[in-house]
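What follows is the content of structure23.cif, which has mmCIF, C-alpha atoms and all ligand atoms:
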data_coords
loop_
_atom_site.label_atom_id
_atom_site.label_comp_id
_atom_site.auth_asym_id
_atom_site.auth_seq_id
_atom_site.Cartn_x
_atom_site.Cartn_y
_atom_site.Cartn_z
CA MET A 668 -21.21 12.40 20.13
CA SER A 669 -22.42 10.78 16.93
CA ASP A 670 -25.96 10.29 15.70
CA LYS A 671 -27.23 7.05 17.33
CA SER A 672 -28.80 5.77 14.11
CA GLU A 673 -25.50 5.94 12.13
CA LYS A 674 -23.99 2.54 11.54
CA ILE A 675 -20.82 1.03 10.15
CA THR A 676 -21.16 0.02 6.50
CA MET A 677 -18.83 -2.00 4.25
CA LEU A 678 -17.60 1.32 2.79
CA HIS A 679 -16.05 2.19 6.16
CA GLY A 680 -13.46 -0.53 5.47
CA ALA A 681 -12.91 0.09 1.77
CA GLY A 682 -10.12 2.70 1.66
CA GLY A 683 -11.22 6.00 0.14
CA SER A 684 -12.84 9.04 1.72
CA VAL A 685 -15.48 7.21 3.84
CA MET A 686 -12.82 5.12 5.60
CA HIS A 687 -10.40 8.05 5.97
CA ASP A 688 -13.17 10.10 7.62
CA LEU A 689 -13.93 7.26 10.05
CA VAL A 690 -10.27 6.92 10.99
CA LYS A 691 -9.78 10.69 11.37
CA ASN A 692 -13.05 11.57 13.12
CA TYR A 693 -13.26 8.57 15.44
CA ILE A 694 -10.04 6.53 15.74
CA VAL A 695 -7.50 9.37 15.67
CA LYS A 696 -9.86 11.60 17.70
CA TYR A 697 -9.73 9.20 20.66
CA PHE A 698 -6.31 7.54 20.21
CA GLY A 699 -4.31 10.57 19.01
CA GLY A 700 -1.94 12.39 21.39
CA LEU A 701 -1.70 9.56 23.94
CA GLY A 702 1.56 8.49 25.59
CA ASN A 703 5.01 9.60 24.53
CA ALA A 704 5.30 11.75 21.43
CA ALA A 705 6.16 9.74 18.33
CA GLU A 706 8.35 11.24 15.62
CA VAL A 707 5.72 10.15 13.09
CA PRO A 708 2.53 9.85 15.21
CA LEU A 709 -0.90 8.32 14.64
CA GLU A 710 -2.20 11.72 13.53
CA ALA A 711 0.16 11.68 10.51
CA MET A 712 -1.89 8.71 9.25
CA ASP A 713 1.19 7.54 7.33
CA ASP A 714 1.81 3.88 6.40
CA ALA A 715 3.44 3.26 9.80
CA ALA A 716 4.50 5.17 12.93
CA VAL A 717 8.01 6.08 14.12
CA ILE A 718 9.09 5.89 17.76
CA GLY A 719 12.78 6.66 18.23
CA ASP A 720 14.57 4.68 15.53
CA ILE A 721 11.83 2.04 15.32
CA VAL A 722 9.09 1.94 12.68
CA PHE A 723 5.95 0.29 14.05
CA LYS A 724 2.91 -0.96 12.14
CA SER A 725 -0.28 -2.96 12.75
CA ASP A 726 -2.47 -4.28 9.96
CA SER A 727 -5.57 -6.52 10.00
CA HIS A 728 -6.78 -8.71 7.15
CA ALA A 729 -10.30 -9.92 6.40
CA VAL A 730 -10.08 -10.84 2.73
CA LYS A 731 -12.93 -12.87 1.28
CA PRO A 732 -12.33 -15.59 0.20
CA ILE A 733 -9.21 -16.54 2.20
CA PHE A 734 -7.69 -18.27 -0.86
CA PHE A 735 -7.69 -16.40 -4.18
CA PRO A 736 -5.76 -16.67 -7.47
CA GLY A 737 -2.13 -15.84 -6.74
CA GLY A 738 -2.32 -15.73 -2.95
CA ASP A 739 -4.10 -16.19 0.35
CA ILE A 740 -4.87 -14.23 3.50
CA GLY A 741 -1.63 -15.30 5.19
CA ARG A 742 0.72 -14.19 2.41
CA MET A 743 -1.19 -10.93 2.25
CA ALA A 744 -1.01 -10.28 6.00
CA ILE A 745 2.77 -10.72 6.09
CA SER A 746 3.32 -8.71 2.89
CA GLY A 747 0.98 -5.91 4.01
CA THR A 748 2.88 -5.19 7.21
CA VAL A 749 6.30 -5.68 5.59
CA ASN A 750 5.35 -3.25 2.80
CA ASP A 751 3.92 -0.59 5.10
CA ILE A 752 7.11 -0.61 7.18
CA SER A 753 9.13 -0.46 3.94
CA CYS A 754 7.20 2.67 2.86
CA LEU A 755 9.00 4.70 5.53
CA GLY A 756 12.38 3.43 4.35
CA ALA A 757 12.87 0.99 7.23
CA GLU A 758 13.74 -2.71 7.06
CA PRO A 759 11.12 -4.92 8.78
CA TYR A 760 12.59 -7.56 11.08
CA ALA A 761 10.10 -8.83 13.66
CA LEU A 762 6.37 -9.49 13.40
CA ALA A 763 3.53 -10.42 15.74
CA CYS A 764 0.57 -12.44 14.45
CA GLY A 765 -2.92 -12.55 15.98
CA LEU A 766 -5.17 -15.21 14.45
CA ILE A 767 -8.96 -15.27 14.85
CA LEU A 768 -10.17 -18.62 13.56
CA GLU A 769 -13.77 -19.44 12.81
CA GLU A 770 -15.37 -22.63 14.02
CA GLY A 771 -15.49 -25.02 11.05
CA LEU A 772 -12.23 -23.93 9.37
CA THR A 773 -10.47 -27.15 8.40
CA LEU A 774 -7.07 -27.79 9.92
CA SER A 775 -5.74 -28.50 6.44
CA ASP A 776 -6.79 -25.02 5.27
CA LEU A 777 -5.23 -23.50 8.39
CA GLU A 778 -2.03 -25.40 7.68
CA LYS A 779 -2.00 -24.21 4.06
CA ILE A 780 -2.21 -20.62 5.30
CA LEU A 781 0.54 -21.15 7.90
CA VAL A 782 2.84 -22.72 5.29
CA SER A 783 2.22 -19.74 3.02
CA MET A 784 2.98 -17.31 5.87
CA ARG A 785 6.21 -19.16 6.68
CA GLN A 786 7.30 -19.01 3.03
CA THR A 787 6.48 -15.30 2.80
CA CYS A 788 8.46 -14.61 5.99
CA ILE A 789 11.47 -16.48 4.54
CA GLU A 790 11.11 -14.52 1.30
CA ALA A 791 11.05 -11.20 3.21
CA GLY A 792 13.68 -12.25 5.75
CA VAL A 793 11.46 -11.52 8.77
CA GLY A 794 10.48 -13.58 11.81
CA ILE A 795 7.19 -13.95 13.69
CA VAL A 796 8.21 -13.63 17.32
CA THR A 797 4.92 -13.43 19.21
CA GLY A 798 1.22 -13.85 18.62
CA ASP A 799 -2.13 -15.04 19.79
CA THR A 800 -4.88 -17.41 18.63
CA LYS A 801 -8.62 -17.12 19.30
CA VAL A 802 -11.62 -19.06 17.99
CA VAL A 803 -15.13 -17.65 17.39
CA GLU A 804 -18.46 -19.33 16.54
CA LYS A 805 -19.36 -19.89 12.90
CA GLY A 806 -20.52 -16.62 11.35
CA SER A 807 -19.20 -14.36 8.67
CA LEU A 808 -15.42 -14.52 9.02
CA GLY A 809 -15.15 -16.80 6.00
CA GLY A 810 -12.70 -19.07 7.84
CA CYS A 811 -10.36 -16.67 9.60
CA VAL A 812 -9.19 -13.11 9.98
CA MET A 813 -5.81 -12.03 11.26
CA ASN A 814 -3.68 -9.17 12.45
CA VAL A 815 0.02 -8.84 11.77
CA SER A 816 1.98 -6.12 13.52
CA GLY A 817 5.67 -5.50 13.08
CA ILE A 818 8.70 -3.39 13.71
CA GLY A 819 11.40 -2.18 11.37
CA LYS A 820 14.68 -0.40 11.81
CA ARG A 821 16.77 2.24 10.09
CA THR A 822 19.31 0.93 7.62
CA SER A 823 22.50 2.21 6.02
CA ALA A 824 20.57 2.11 2.72
CA LEU A 825 18.06 4.64 4.10
CA GLU A 826 20.89 6.86 5.37
CA SER A 827 22.66 6.83 2.00
CA ASN A 828 19.31 7.50 0.25
CA LEU A 829 18.81 10.62 2.36
CA GLN A 830 22.35 11.81 1.63
CA VAL A 831 21.57 11.58 -2.08
CA VAL A 832 18.31 13.55 -1.59
CA ARG A 833 20.22 16.28 0.27
CA GLN A 834 22.65 16.70 -2.63
CA TYR A 835 19.69 18.14 -4.51
CA ARG A 836 17.44 19.71 -1.91
CA GLU A 837 16.54 20.19 1.72
CA LEU A 838 14.61 17.43 3.51
CA LYS A 839 13.47 17.98 7.07
CA THR A 840 12.61 14.38 8.01
CA ARG A 841 14.73 11.25 8.48
CA TRP A 842 12.10 9.02 6.82
CA THR A 843 10.34 8.68 3.47
CA LEU A 844 6.96 10.21 4.36
CA ASP A 845 3.72 11.08 2.55
CA SER A 846 4.34 14.76 3.32
CA ASN A 847 7.85 14.95 1.77
CA LEU A 848 7.03 15.74 -1.87
CA THR A 849 7.93 19.11 -3.38
CA GLU A 850 7.59 20.65 -6.83
CA GLY A 851 9.22 18.69 -9.64
CA ASP A 852 9.55 15.32 -7.87
CA LYS A 853 8.93 12.39 -10.20
CA ILE A 854 6.44 9.64 -9.37
CA ILE A 855 7.42 6.04 -10.18
CA LEU A 856 4.94 3.15 -10.04
CA SER A 857 6.67 -0.20 -9.52
CA GLY A 858 4.37 -2.25 -11.77
CA THR A 859 0.89 -2.99 -13.13
CA ILE A 860 -2.23 -1.95 -11.20
CA GLY A 861 -5.56 -3.68 -10.55
CA ASP A 862 -4.30 -7.29 -10.59
CA HIS A 863 -5.01 -8.03 -6.92
CA GLY A 864 -8.52 -6.53 -6.80
CA LEU A 865 -9.61 -8.36 -9.92
CA ALA A 866 -8.11 -11.67 -8.73
CA VAL A 867 -10.09 -11.40 -5.46
CA LEU A 868 -13.22 -10.29 -7.30
CA SER A 869 -12.96 -13.27 -9.66
CA ALA A 870 -12.79 -15.59 -6.63
CA GLN A 871 -15.71 -13.83 -4.90
CA GLN A 872 -18.00 -13.90 -7.92
CA GLY A 873 -16.78 -17.02 -9.70
CA LEU A 874 -15.84 -14.89 -12.71
CA THR A 875 -13.27 -15.80 -15.32
CA PHE A 876 -11.76 -13.17 -17.55
CA GLY A 877 -10.54 -15.31 -20.44
CA SER A 878 -7.06 -15.35 -18.97
CA LYS A 879 -6.00 -15.98 -15.41
CA ILE A 880 -5.51 -12.74 -13.47
CA LEU A 881 -3.34 -13.42 -10.42
CA SER A 882 -2.94 -11.26 -7.33
CA ASP A 883 0.35 -9.36 -7.17
CA VAL A 884 0.65 -9.95 -3.39
CA LYS A 885 4.32 -9.95 -2.37
CA PRO A 886 6.79 -8.42 0.07
CA LEU A 887 8.66 -5.46 -1.42
CA ASN A 888 11.26 -4.80 1.28
CA HIS A 889 14.24 -6.18 -0.67
CA MET A 890 13.38 -4.10 -3.75
CA VAL A 891 12.93 -0.99 -1.61
CA GLN A 892 16.18 -1.36 0.36
CA ALA A 893 18.14 -2.12 -2.82
CA LEU A 894 16.73 1.01 -4.50
CA LEU A 895 17.50 3.20 -1.47
CA GLY A 896 21.04 1.88 -1.13
CA THR A 897 22.00 1.65 -4.81
CA VAL A 898 20.35 4.70 -6.37
CA GLY A 899 18.85 6.91 -3.64
CA GLY A 900 17.01 10.19 -3.96
CA VAL A 901 13.68 8.71 -2.79
CA VAL A 902 11.60 11.11 -0.68
CA ALA A 903 8.27 9.24 -0.32
CA MET A 904 6.88 5.73 -0.79
CA LYS A 905 3.39 4.28 -0.47
CA ASP A 906 1.75 0.97 -1.34
CA PRO A 907 -1.47 1.66 -3.28
CA THR A 908 -3.71 -0.86 -1.48
CA ARG A 909 -7.46 -0.27 -0.81
CA GLY A 910 -8.68 2.62 -2.97
CA GLY A 911 -5.83 1.97 -5.40
CA LEU A 912 -3.52 4.45 -7.09
CA ALA A 913 -6.23 7.16 -7.03
CA ASP A 914 -6.50 7.06 -3.23
CA ALA A 915 -2.75 6.84 -2.60
CA LEU A 916 -1.89 9.78 -4.89
CA ASN A 917 -4.68 11.89 -3.37
CA GLU A 918 -3.27 11.20 0.10
CA TRP A 919 0.12 12.41 -1.10
CA THR A 920 -1.29 15.63 -2.58
CA GLU A 921 -3.18 16.40 0.65
CA LYS A 922 -0.24 15.75 2.97
CA SER A 923 2.45 17.31 0.76
CA LYS A 924 0.15 20.19 -0.30
CA ILE A 925 1.14 19.79 -3.94
CA GLY A 926 -0.53 18.78 -7.20
CA ILE A 927 0.31 15.55 -9.05
CA LEU A 928 0.04 15.15 -12.82
CA VAL A 929 -0.19 11.55 -14.03
CA HIS A 930 0.33 10.56 -17.67
CA GLU A 931 -2.28 7.97 -18.68
CA ASN A 932 -0.06 6.37 -21.32
CA LYS A 933 2.59 5.68 -18.67
CA VAL A 934 0.40 3.86 -16.11
CA PRO A 935 1.12 0.12 -16.51
CA ILE A 936 -2.08 -1.95 -16.73
CA ARG A 937 -2.29 -5.49 -18.06
CA GLN A 938 -4.54 -5.74 -21.12
CA ASP A 939 -6.73 -8.43 -19.50
CA VAL A 940 -7.15 -6.27 -16.37
CA GLN A 941 -8.08 -3.26 -18.53
CA THR A 942 -10.61 -5.33 -20.50
CA ALA A 943 -12.14 -6.85 -17.34
CA CYS A 944 -12.44 -3.38 -15.77
CA GLU A 945 -14.21 -2.05 -18.86
CA MET A 946 -16.60 -5.04 -18.83
CA LEU A 947 -17.42 -4.55 -15.14
CA GLY A 948 -17.48 -0.76 -15.17
CA LEU A 949 -14.57 -0.51 -12.72
CA ASP A 950 -11.82 2.09 -12.68
CA PRO A 951 -8.44 0.31 -12.40
CA LEU A 952 -7.05 3.43 -10.68
CA GLU A 953 -9.37 2.78 -7.71
CA ILE A 954 -8.67 -0.95 -7.32
CA GLY A 955 -6.37 -2.19 -4.56
CA ASN A 956 -2.91 -3.70 -5.11
CA GLU A 957 -0.81 -5.75 -2.69
CA GLY A 958 2.58 -5.90 -4.37
CA LYS A 959 3.16 -2.42 -5.78
CA MET A 960 4.86 0.73 -4.55
CA ILE A 961 4.59 4.33 -5.65
CA ILE A 962 7.88 6.13 -5.23
CA GLY A 963 8.39 9.90 -5.07
CA ILE A 964 11.94 10.75 -6.09
CA VAL A 965 14.05 13.82 -6.86
CA PRO A 966 13.90 14.33 -10.65
CA GLU A 967 17.69 14.03 -11.05
CA LYS A 968 17.58 10.35 -9.94
CA ALA A 969 14.30 9.24 -11.55
CA GLU A 970 15.68 7.69 -14.75
CA GLU A 971 18.43 5.85 -12.89
CA ALA A 972 15.89 4.53 -10.36
CA LEU A 973 13.60 3.35 -13.16
CA LYS A 974 16.45 1.52 -14.88
CA PHE A 975 17.38 -0.11 -11.57
CA LEU A 976 13.80 -1.16 -10.74
CA LYS A 977 13.28 -2.70 -14.17
CA GLN A 978 16.12 -5.12 -13.41
CA THR A 979 14.36 -6.42 -10.25
CA LYS A 980 11.66 -9.10 -10.37
CA GLU A 981 9.29 -6.97 -8.26
CA GLY A 982 9.79 -3.84 -10.37
CA LYS A 983 10.25 -5.16 -13.90
CA ASP A 984 7.14 -3.30 -15.19
CA ALA A 985 7.94 -0.03 -13.38
CA GLN A 986 7.26 3.31 -15.08
CA ILE A 987 7.68 6.98 -14.31
CA ILE A 988 3.98 7.84 -14.30
CA GLY A 989 4.04 11.54 -13.50
CA GLU A 990 5.38 14.42 -11.46
CA THR A 991 4.40 16.92 -8.81
CA THR A 992 3.34 20.43 -9.79
CA THR A 993 2.20 23.71 -8.24
CA ASP A 994 -0.04 24.46 -11.25
CA PHE A 995 -3.07 22.92 -9.51
CA LYS A 996 -4.09 21.09 -6.34
CA GLY A 997 -5.08 17.42 -6.21
CA VAL A 998 -4.43 14.75 -8.83
CA ALA A 999 -4.98 15.19 -12.56
CA MET A 1000 -4.39 12.85 -15.46
CA GLN A 1001 -3.09 13.80 -18.87
CA THR A 1002 -5.27 11.55 -21.01
CA LEU A 1003 -4.31 9.61 -24.13
CA VAL A 1004 -6.21 12.09 -26.31
CA GLY A 1005 -4.41 15.08 -24.84
CA GLY A 1006 -7.02 16.35 -22.37
CA LYS A 1007 -6.81 16.50 -18.59
CA ARG A 1008 -9.17 14.87 -16.11
CA ILE A 1009 -9.33 15.11 -12.34
CA ILE A 1010 -8.55 11.91 -10.44
CA ALA A 1011 -10.81 12.34 -7.43
CA LYS A 1012 -10.27 10.61 -4.13
CA PRO A 1013 -12.47 7.49 -4.38
CA VAL A 1014 -15.36 7.07 -1.93
CA GLY A 1015 -14.14 3.48 -1.41
CA ASP A 1016 -12.58 0.58 -3.26
CA PRO A 1017 -15.18 -0.86 -5.66
CA VAL A 1018 -14.27 -4.43 -4.63
CA PRO A 1019 -15.38 -5.27 -1.04
CA ARG A 1020 -13.19 -7.21 1.45
CA ILE A 1021 -10.17 -7.04 -0.78
CA CYS A 1022 -7.64 -7.32 2.05
MG MG B 1101 0.07 1.31 3.14
#
As structure tokens, please, write out the structure in this file.
Amino acid sequence: MSDKSEKITMLHGAGGSVMHDLVKNYIVKYFGGLGNAAEVPLEAMDDAAVIGDIVFKSDSHAVKPIFFPGGDIGRMAISGTVNDISCLGAEPYALACGLILEEGLTLSDLEKILVSMRQTCIEAGVGIVTGDTKVVEKGSLGGCVMNVSGIGKRTSALESNLQVVRQYRELKTRWTLDSNLTEGDKIILSGTIGDHGLAVLSAQQGLTFGSKILSDVKPLNHMVQALLGTVGGVVAMKDPTRGGLADALNEWTEKSKIGILVHENKVPIRQDVQTACEMLGLDPLEIGNEGKMIIGIVPEKAEEALKFLKQTKEGKDAQIIGETTTDFKGVAMQTLVGGKRIIAKPVGDPVPRIC
């Protein structure tokens, strides 16, 4: 039993090591191992679970404020679940939405969010088939919070992707999992990092950065399925949300038991995001994104995949940012000046209530 004086803090919801410890030592401790065995169970702590041929995911959103430059809570909730299901190589097709509305939220704001959710569903080609609505007294929700759960299925694109992988090496799983990386795999990042976190921060603090930084929030399922079906060779995918690229890559190194070397000059960052981060003392590697994917791929297909991604609107700024290695454990960055620095697992995302 835990110490009675220990309390939940904002860091427990901020990605990074504090949140991972909470999930592992409390949530997984009590929920793990229940019911029928899943192929990818809760304990794997992957982006979604696998039961039979179905990928299943639940994701809650409590972003503050509910409207921010480039998006809103509704677009983010749909995209978040769609992207997590996509990480495993599945195509999302049905969602459930639980809304918790706060007393005082205007119906016009609610409608704006619902319109945005409808548009995002159309964009992703998914339906919302069930849900629930509750209302709570005025407090600290900032208007509303919501949960979107969803299911996805195997596709012929995923099957052909795995066939390509197996031309080059053995792969024990039928899904693109965090634990699938082996020595020499290339790491592709689908676009610029830090945009979402800074867009939300600017809305929270009333900051302007000289130019408008918009959230990257978007569904990535079409880009992912097209990549799997057209190029193939992908072994792992992850959306670097809370805790950013630093957290996502560290999760990969832990689960795949392999080192990752990242080349600083290859990581795409917008100049205005870089400048704002320097001004605010933030590390763009630790800031959450909502429309980006990191892709682990067999080296033989990396260049072809990059060329393909650059032709898509979601992946036009993609780069091969690094590769796996057995030379060291964890994540290291080859810096611009030729040195190496450790990219530690962040304690938590520096921007609170980012998603
Ligand atoms: Mg994820």
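We find atom CA of Leu912 of chain A and atom CA of Thr1002 of chain A to be spaced 15.7 Å apart.
Minimum atom-to-atom distances from A:Asp720, A:Asp714, A:Glu837, A:Asp688 to ligand MG 1101 (chain B) were compared using all atoms listed in the file, and the lowest value belongs to A:Asp714.
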For segment 816-824 of chain A, list every protein, DNA or RNA residue within 10 Å, evaluated using only C-alpha atoms, and leave out those in the same chain fewer than 6 positions away; present the list as number ranges by chain.
A: 715-717, 719-727, 744-745, 747-749, 751-753, 755-765, 793-798, 830, 841-842, 891-899
Within 10 Å of Ala711 of chain A, counting only C-alpha atoms, which residues show up once you throw out same-chain ones fewer than 3 positions away? Write them as a list in words, please.
Val695, Gly699, Glu706, Val707, Pro708, Asp714, Ala715, Ala716, Leu844, Asp845, Ser846 and Lys922 of chain A
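Each of A:Ala985, A:Val782, A:Val902, A:Leu689 was checked against Lys674 of chain A using only C-alpha atoms; the smallest atom-to-atom distance is that of A:Leu689.
Of the residues listed (A:Ala729, A:Ala903, A:Ile1009, A:Leu949), A:Ala903 shows the shortest atom-to-atom separation from ligand MG 1101 (chain B); distances use only C-alpha atoms and all ligand atoms.
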Who sits within 12 Å of Gly737 of chain A, only C-alpha atoms, same chain under 2 positions skipped, as a PyMOL selection string:
chain A and resi 733-735+739-743+783+862-867+869-870+879-885+957-958
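The smallest atom-to-atom distance between Gln834 of chain A and any of A:Glu673, A:Glu778, A:Asp950, A:Glu967, using all atoms listed in the file, is found for A:Glu967.
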I'd like the interatomic distance between atom CA of Ile780 of chain A and atom CA of Val1018 of chain A, to a tenth of an Å.
22.5 Å
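Among the candidates A:Gly806, A:Gly1005, A:Pro907, A:Gly792, the residue lying nearest to ligand MG 1101 (chain B) is A:Pro907 (atoms considered: only C-alpha atoms and all ligand atoms).
Atom pair atom CA of Gly873 of chain A / atom CA of His679 of chain A has a distance of 24.9 Å (rounded to one decimal).
When all atoms listed in the file are used to compute distances to ligand MG 1101 (chain B), the closest of the residues A:Leu768, A:Ala969, A:Ile1010, A:Cys754 turns out to be A:Cys754.
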Grab segment 677-693 of chain A from that structure and dump N, CA, C and O atoms to a file, as a JSON list (two decimals), in the first residue's frame.
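The result, written out as result.json:
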[["chain", "number", "residue", "atom", "x", "y", "z"],
["A", 677, "MET", "N", 0.39, 17.39, -11.03],
["A", 677, "MET", "CA", 0.21, 17.59, -12.47],
["A", 677, "MET", "C", 1.23, 16.75, -13.27],
["A", 677, "MET", "O", 0.96, 16.33, -14.39],
["A", 678, "LEU", "N", 2.40, 16.49, -12.67],
["A", 678, "LEU", "CA", 3.43, 15.70, -13.36],
["A", 678, "LEU", "C", 2.96, 14.27, -13.64],
["A", 678, "LEU", "O", 3.43, 13.63, -14.58],
["A", 679, "HIS", "N", 2.03, 13.77, -12.81],
["A", 679, "HIS", "CA", 1.53, 12.41, -13.03],
["A", 679, "HIS", "C", 0.76, 12.27, -14.35],
["A", 679, "HIS", "O", 0.46, 11.16, -14.77],
["A", 680, "GLY", "N", 0.43, 13.41, -14.97],
["A", 680, "GLY", "CA", -0.30, 13.35, -16.24],
["A", 680, "GLY", "C", 0.50, 13.93, -17.39],
["A", 680, "GLY", "O", -0.06, 14.25, -18.43],
["A", 681, "ALA", "N", 1.81, 14.08, -17.21],
["A", 681, "ALA", "CA", 2.60, 14.85, -18.17],
["A", 681, "ALA", "C", 3.52, 14.02, -19.05],
["A", 681, "ALA", "O", 4.51, 14.52, -19.57],
["A", 682, "GLY", "N", 3.20, 12.73, -19.25],
["A", 682, "GLY", "CA", 4.15, 11.88, -19.99],
["A", 682, "GLY", "C", 5.39, 11.73, -19.13],
["A", 682, "GLY", "O", 5.37, 12.10, -17.96],
["A", 683, "GLY", "N", 6.48, 11.20, -19.64],
["A", 683, "GLY", "CA", 7.71, 11.15, -18.88],
["A", 683, "GLY", "C", 7.71, 10.12, -17.76],
["A", 683, "GLY", "O", 6.75, 9.37, -17.57],
["A", 684, "SER", "N", 8.81, 10.10, -16.99],
["A", 684, "SER", "CA", 9.03, 9.01, -16.04],
["A", 684, "SER", "C", 8.03, 9.00, -14.89],
["A", 684, "SER", "O", 7.65, 7.94, -14.41],
["A", 685, "VAL", "N", 7.58, 10.18, -14.42],
["A", 685, "VAL", "CA", 6.64, 10.22, -13.29],
["A", 685, "VAL", "C", 5.31, 9.56, -13.68],
["A", 685, "VAL", "O", 4.75, 8.74, -12.95],
["A", 686, "MET", "N", 4.82, 9.88, -14.89],
["A", 686, "MET", "CA", 3.57, 9.28, -15.36],
["A", 686, "MET", "C", 3.75, 7.79, -15.64],
["A", 686, "MET", "O", 2.90, 6.97, -15.26],
["A", 687, "HIS", "N", 4.85, 7.41, -16.28],
["A", 687, "HIS", "CA", 5.08, 5.99, -16.57],
["A", 687, "HIS", "C", 5.12, 5.17, -15.29],
["A", 687, "HIS", "O", 4.58, 4.06, -15.23],
["A", 688, "ASP", "N", 5.75, 5.73, -14.23],
["A", 688, "ASP", "CA", 5.80, 5.01, -12.95],
["A", 688, "ASP", "C", 4.41, 4.85, -12.35],
["A", 688, "ASP", "O", 4.08, 3.80, -11.80],
["A", 689, "LEU", "N", 3.59, 5.89, -12.45],
["A", 689, "LEU", "CA", 2.21, 5.80, -11.94],
["A", 689, "LEU", "C", 1.44, 4.70, -12.67],
["A", 689, "LEU", "O", 0.78, 3.86, -12.05],
["A", 690, "VAL", "N", 1.56, 4.70, -13.99],
["A", 690, "VAL", "CA", 0.82, 3.71, -14.79],
["A", 690, "VAL", "C", 1.30, 2.30, -14.45],
["A", 690, "VAL", "O", 0.50, 1.39, -14.20],
["A", 691, "LYS", "N", 2.63, 2.14, -14.38],
["A", 691, "LYS", "CA", 3.19, 0.80, -14.13],
["A", 691, "LYS", "C", 2.89, 0.33, -12.70],
["A", 691, "LYS", "O", 2.43, -0.79, -12.49],
["A", 692, "ASN", "N", 3.14, 1.19, -11.72],
["A", 692, "ASN", "CA", 3.08, 0.75, -10.31],
["A", 692, "ASN", "C", 1.67, 0.77, -9.73],
["A", 692, "ASN", "O", 1.44, 0.20, -8.67],
["A", 693, "TYR", "N", 0.75, 1.43, -10.38],
["A", 693, "TYR", "CA", -0.63, 1.45, -9.87],
["A", 693, "TYR", "C", -1.61, 0.87, -10.89],
["A", 693, "TYR", "O", -2.25, -0.14, -10.62]]
